[in-house]
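K.L.:
If you scroll down you'll find the structure; I have some questions about it.
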Amino acid sequence: MAGLRIKAEEGSDPRLLLLDERDNVLVATARIRAGEAVTIAGVPATMPADVPIGHKLARTAIPAGTKIVKYGAPIGSATAPIATGELVHVHNVKSDYTPTYHLEDVRAEYGSGA
C-alpha cells in the first residue's frame with residue numbers, strides 16, 4: 001500500500017502509532033489508563049477513560065460528518081464532534097461498510113425474546 005508508513009508521530013506519545021500520514025487517528029500500542037497524560041501532536045491531553053490496546057484516538061479535532069481515516073483510507077464517519085485525543089469508536093463513528101446493529105433493533109424486528 002503506497003503511503004503506508006507505520007511509526008510513532010513526532011510530538012506524540014510513543015504509545016500512539018501513526019499508520020499513515022493521511023490518518024486523522026492514532027492507534028494505541030499499549031493500554032493507556034484513565035487519568036494518564038499523553039501528548040498528541042504536541043498537545044497535552046489527559047485520558048478521561050481507559051484506552052485499550054489497538055483502539056483509536058483522534059489525532060486532531062474531527063467535526064461531525066467528517067470521514068475517519070485509518071491506513072490512509074476512510075473507514076467511517078464521525079457521528080459527533082471528536083476532540084483531539086478523544087477515543088474514536090462505535091459511540092462516535094458510523095462504519096461506512098458494516099451496518100451497526102443494536103440489541104433494540106433486533107428486539108424490534110424479532111420480538112423481545114431476542
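Going through the C-alpha cells in order, the chains are called A, B, and so on, while each chain numbers its residues from 1 and the ligands are numbered from 1 in the order shown.
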Residues at most 12 Å from range 44-61 of chain A, counting only C-alpha atoms, excluding those fewer than 6 positions away in the same chain, as a PyMOL selection string?
P.N.:
chain A and resi 8-13+15-38+67-71+75+78+80-90+92-93
K.L.:
Got time to write the residues from that selection, N, CA and C atoms, as a CSV table (one decimal), in the first residue's frame?
P.N.:
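Listed below is the output, selection07.csv:
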```
chain,number,residue,atom,x,y,z
A,8,ALA,N,5.8,6.1,15.1
A,8,ALA,CA,5.3,7.0,16.1
A,8,ALA,C,5.3,8.4,15.5
A,9,GLU,N,4.3,9.2,15.8
A,9,GLU,CA,4.2,10.5,15.3
A,9,GLU,C,5.1,11.4,16.1
A,10,GLU,N,5.9,12.3,15.5
A,10,GLU,CA,6.7,13.2,16.2
A,10,GLU,C,5.8,14.1,17.0
A,11,GLY,N,6.2,14.3,18.3
A,11,GLY,CA,5.4,15.2,19.2
A,11,GLY,C,4.2,14.5,19.8
A,12,SER,N,4.1,13.1,19.6
A,12,SER,CA,3.0,12.4,20.2
A,12,SER,C,3.6,11.3,21.1
A,13,ASP,N,2.8,10.9,22.1
A,13,ASP,CA,3.2,9.8,23.0
A,13,ASP,C,3.7,8.6,22.2
A,15,ARG,N,3.4,5.6,22.7
A,15,ARG,CA,2.4,4.5,22.7
A,15,ARG,C,1.3,4.7,21.6
A,16,LEU,N,1.4,5.8,20.9
A,16,LEU,CA,0.4,6.1,19.9
A,16,LEU,C,1.1,6.0,18.5
A,17,LEU,N,0.5,5.1,17.7
A,17,LEU,CA,1.1,4.8,16.4
A,17,LEU,C,0.3,5.5,15.2
A,18,LEU,N,1.1,6.1,14.4
A,18,LEU,CA,0.5,6.7,13.1
A,18,LEU,C,0.7,5.7,12.0
A,19,LEU,N,-0.3,5.2,11.5
A,19,LEU,CA,-0.2,4.1,10.4
A,19,LEU,C,0.0,4.7,9.1
A,20,ASP,N,-0.5,6.0,8.8
A,20,ASP,CA,-0.3,6.6,7.5
A,20,ASP,C,-0.4,8.1,7.7
A,21,GLU,N,0.4,8.9,7.0
A,21,GLU,CA,0.4,10.3,7.2
A,21,GLU,C,-1.0,11.0,6.9
A,22,ARG,N,-1.8,10.3,6.2
A,22,ARG,CA,-3.2,10.9,5.9
A,22,ARG,C,-4.2,10.6,7.0
A,23,ASP,N,-3.8,9.8,8.0
A,23,ASP,CA,-4.8,9.4,9.0
A,23,ASP,C,-5.1,10.5,9.9
A,24,ASN,N,-6.3,10.6,10.4
A,24,ASN,CA,-6.7,11.5,11.4
A,24,ASN,C,-6.9,10.8,12.8
A,25,VAL,N,-6.4,9.6,12.9
A,25,VAL,CA,-6.4,8.8,14.1
A,25,VAL,C,-5.1,8.3,14.4
A,26,LEU,N,-4.8,8.0,15.7
A,26,LEU,CA,-3.6,7.3,16.1
A,26,LEU,C,-4.1,6.0,16.8
A,27,VAL,N,-3.3,5.0,16.8
A,27,VAL,CA,-3.6,3.7,17.4
A,27,VAL,C,-2.8,3.4,18.6
A,28,ALA,N,-3.5,3.1,19.7
A,28,ALA,CA,-2.7,2.8,21.0
A,28,ALA,C,-2.0,1.4,20.9
A,29,THR,N,-0.7,1.4,21.1
A,29,THR,CA,0.1,0.2,21.1
A,29,THR,C,0.2,-0.4,22.5
A,30,ALA,N,-0.3,0.3,23.5
A,30,ALA,CA,-0.3,-0.2,24.8
A,30,ALA,C,-1.6,0.4,25.5
A,31,ARG,N,-2.0,-0.3,26.5
A,31,ARG,CA,-3.2,0.3,27.3
A,31,ARG,C,-2.8,1.6,27.9
A,32,ILE,N,-3.7,2.6,27.8
A,32,ILE,CA,-3.5,3.9,28.5
A,32,ILE,C,-4.6,4.0,29.5
A,33,ARG,N,-4.2,4.2,30.7
A,33,ARG,CA,-5.2,4.2,31.8
A,33,ARG,C,-5.9,5.6,31.9
A,34,ALA,N,-7.1,5.6,32.4
A,34,ALA,CA,-7.8,6.8,32.6
A,34,ALA,C,-7.0,7.7,33.6
A,35,GLY,N,-6.9,9.0,33.3
A,35,GLY,CA,-6.2,9.9,34.1
A,35,GLY,C,-4.7,10.1,33.7
A,36,GLU,N,-4.2,9.2,32.8
A,36,GLU,CA,-2.9,9.4,32.3
A,36,GLU,C,-2.8,10.5,31.4
A,37,ALA,N,-1.6,11.2,31.4
A,37,ALA,CA,-1.4,12.3,30.5
A,37,ALA,C,-0.7,11.7,29.3
A,38,VAL,N,-1.1,12.2,28.1
A,38,VAL,CA,-0.4,11.9,26.8
A,38,VAL,C,-0.2,13.2,26.1
A,67,LYS,N,-15.0,12.2,7.6
A,67,LYS,CA,-14.5,10.8,7.4
A,67,LYS,C,-13.4,10.5,8.4
A,68,ILE,N,-13.5,9.3,9.0
A,68,ILE,CA,-12.4,8.8,9.9
A,68,ILE,C,-11.4,8.1,8.9
A,69,VAL,N,-10.2,8.5,9.0
A,69,VAL,CA,-9.2,7.9,8.0
A,69,VAL,C,-8.2,7.1,8.8
A,70,LYS,N,-8.0,5.8,8.5
A,70,LYS,CA,-7.0,4.9,9.1
A,70,LYS,C,-6.4,4.1,8.0
A,71,TYR,N,-5.1,3.9,8.0
A,71,TYR,CA,-4.4,3.2,6.9
A,71,TYR,C,-4.5,4.1,5.6
A,75,ILE,N,-12.7,4.9,6.9
A,75,ILE,CA,-13.2,3.7,7.5
A,75,ILE,C,-14.6,3.9,8.1
A,78,ALA,N,-17.6,10.4,11.4
A,78,ALA,CA,-17.9,10.8,12.8
A,78,ALA,C,-19.4,11.2,12.9
A,80,ALA,N,-20.5,12.6,15.7
A,80,ALA,CA,-20.5,13.7,16.7
A,80,ALA,C,-19.1,14.3,16.6
A,81,PRO,N,-18.9,15.6,17.0
A,81,PRO,CA,-17.6,16.1,17.0
A,81,PRO,C,-16.7,15.3,18.0
A,82,ILE,N,-15.4,15.1,17.6
A,82,ILE,CA,-14.5,14.3,18.3
A,82,ILE,C,-13.3,15.2,18.6
A,83,ALA,N,-13.0,15.4,19.9
A,83,ALA,CA,-11.8,16.3,20.3
A,83,ALA,C,-10.5,15.6,20.1
A,84,THR,N,-9.5,16.3,19.9
A,84,THR,CA,-8.1,15.8,19.8
A,84,THR,C,-7.9,14.9,21.1
A,85,GLY,N,-7.4,13.7,20.9
A,85,GLY,CA,-7.1,12.8,22.0
A,85,GLY,C,-8.3,12.0,22.4
A,86,GLU,N,-9.5,12.2,21.9
A,86,GLU,CA,-10.7,11.5,22.3
A,86,GLU,C,-10.7,10.1,21.7
A,87,LEU,N,-11.3,9.2,22.4
A,87,LEU,CA,-11.4,7.8,21.9
A,87,LEU,C,-12.3,7.9,20.6
A,88,VAL,N,-11.9,7.2,19.6
A,88,VAL,CA,-12.7,7.1,18.3
A,88,VAL,C,-13.2,5.7,18.2
A,89,HIS,N,-14.5,5.5,18.4
A,89,HIS,CA,-15.0,4.1,18.5
A,89,HIS,C,-16.5,4.2,18.1
A,90,VAL,N,-17.2,3.1,18.3
A,90,VAL,CA,-18.6,3.0,17.9
A,90,VAL,C,-19.5,4.0,18.5
A,92,ASN,N,-19.0,7.2,18.6
A,92,ASN,CA,-18.9,8.4,17.9
A,92,ASN,C,-18.5,8.3,16.4
A,93,VAL,N,-18.6,7.0,15.9
A,93,VAL,CA,-18.3,6.7,14.5
A,93,VAL,C,-19.3,5.7,13.9
```
K.L.:
Per DSSP on the backbone, what are the strand (DSSP E) residues of range 3-95 of chain A, as a PyMOL selection string?
P.N.:
chain A and resi 4-8+16-20+25-28+37-40+43-46+56-58+67-70+73-78+87-88+93-95
K.L.:
One number please: CA of Val43 in chain A to CA of Pro63 in chain A, in Å, one decimal.
P.N.:
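Taking CA of Val43 in chain A as the start and CA of Pro63 in chain A as the end point, the length is 17.9 Å.
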K.L.:
Could you work out how far CA of Lys94 in chain A lies from CA of Ser77 in chain A, giving the answer in Å with one decimal?
P.N.:
5.4 Å
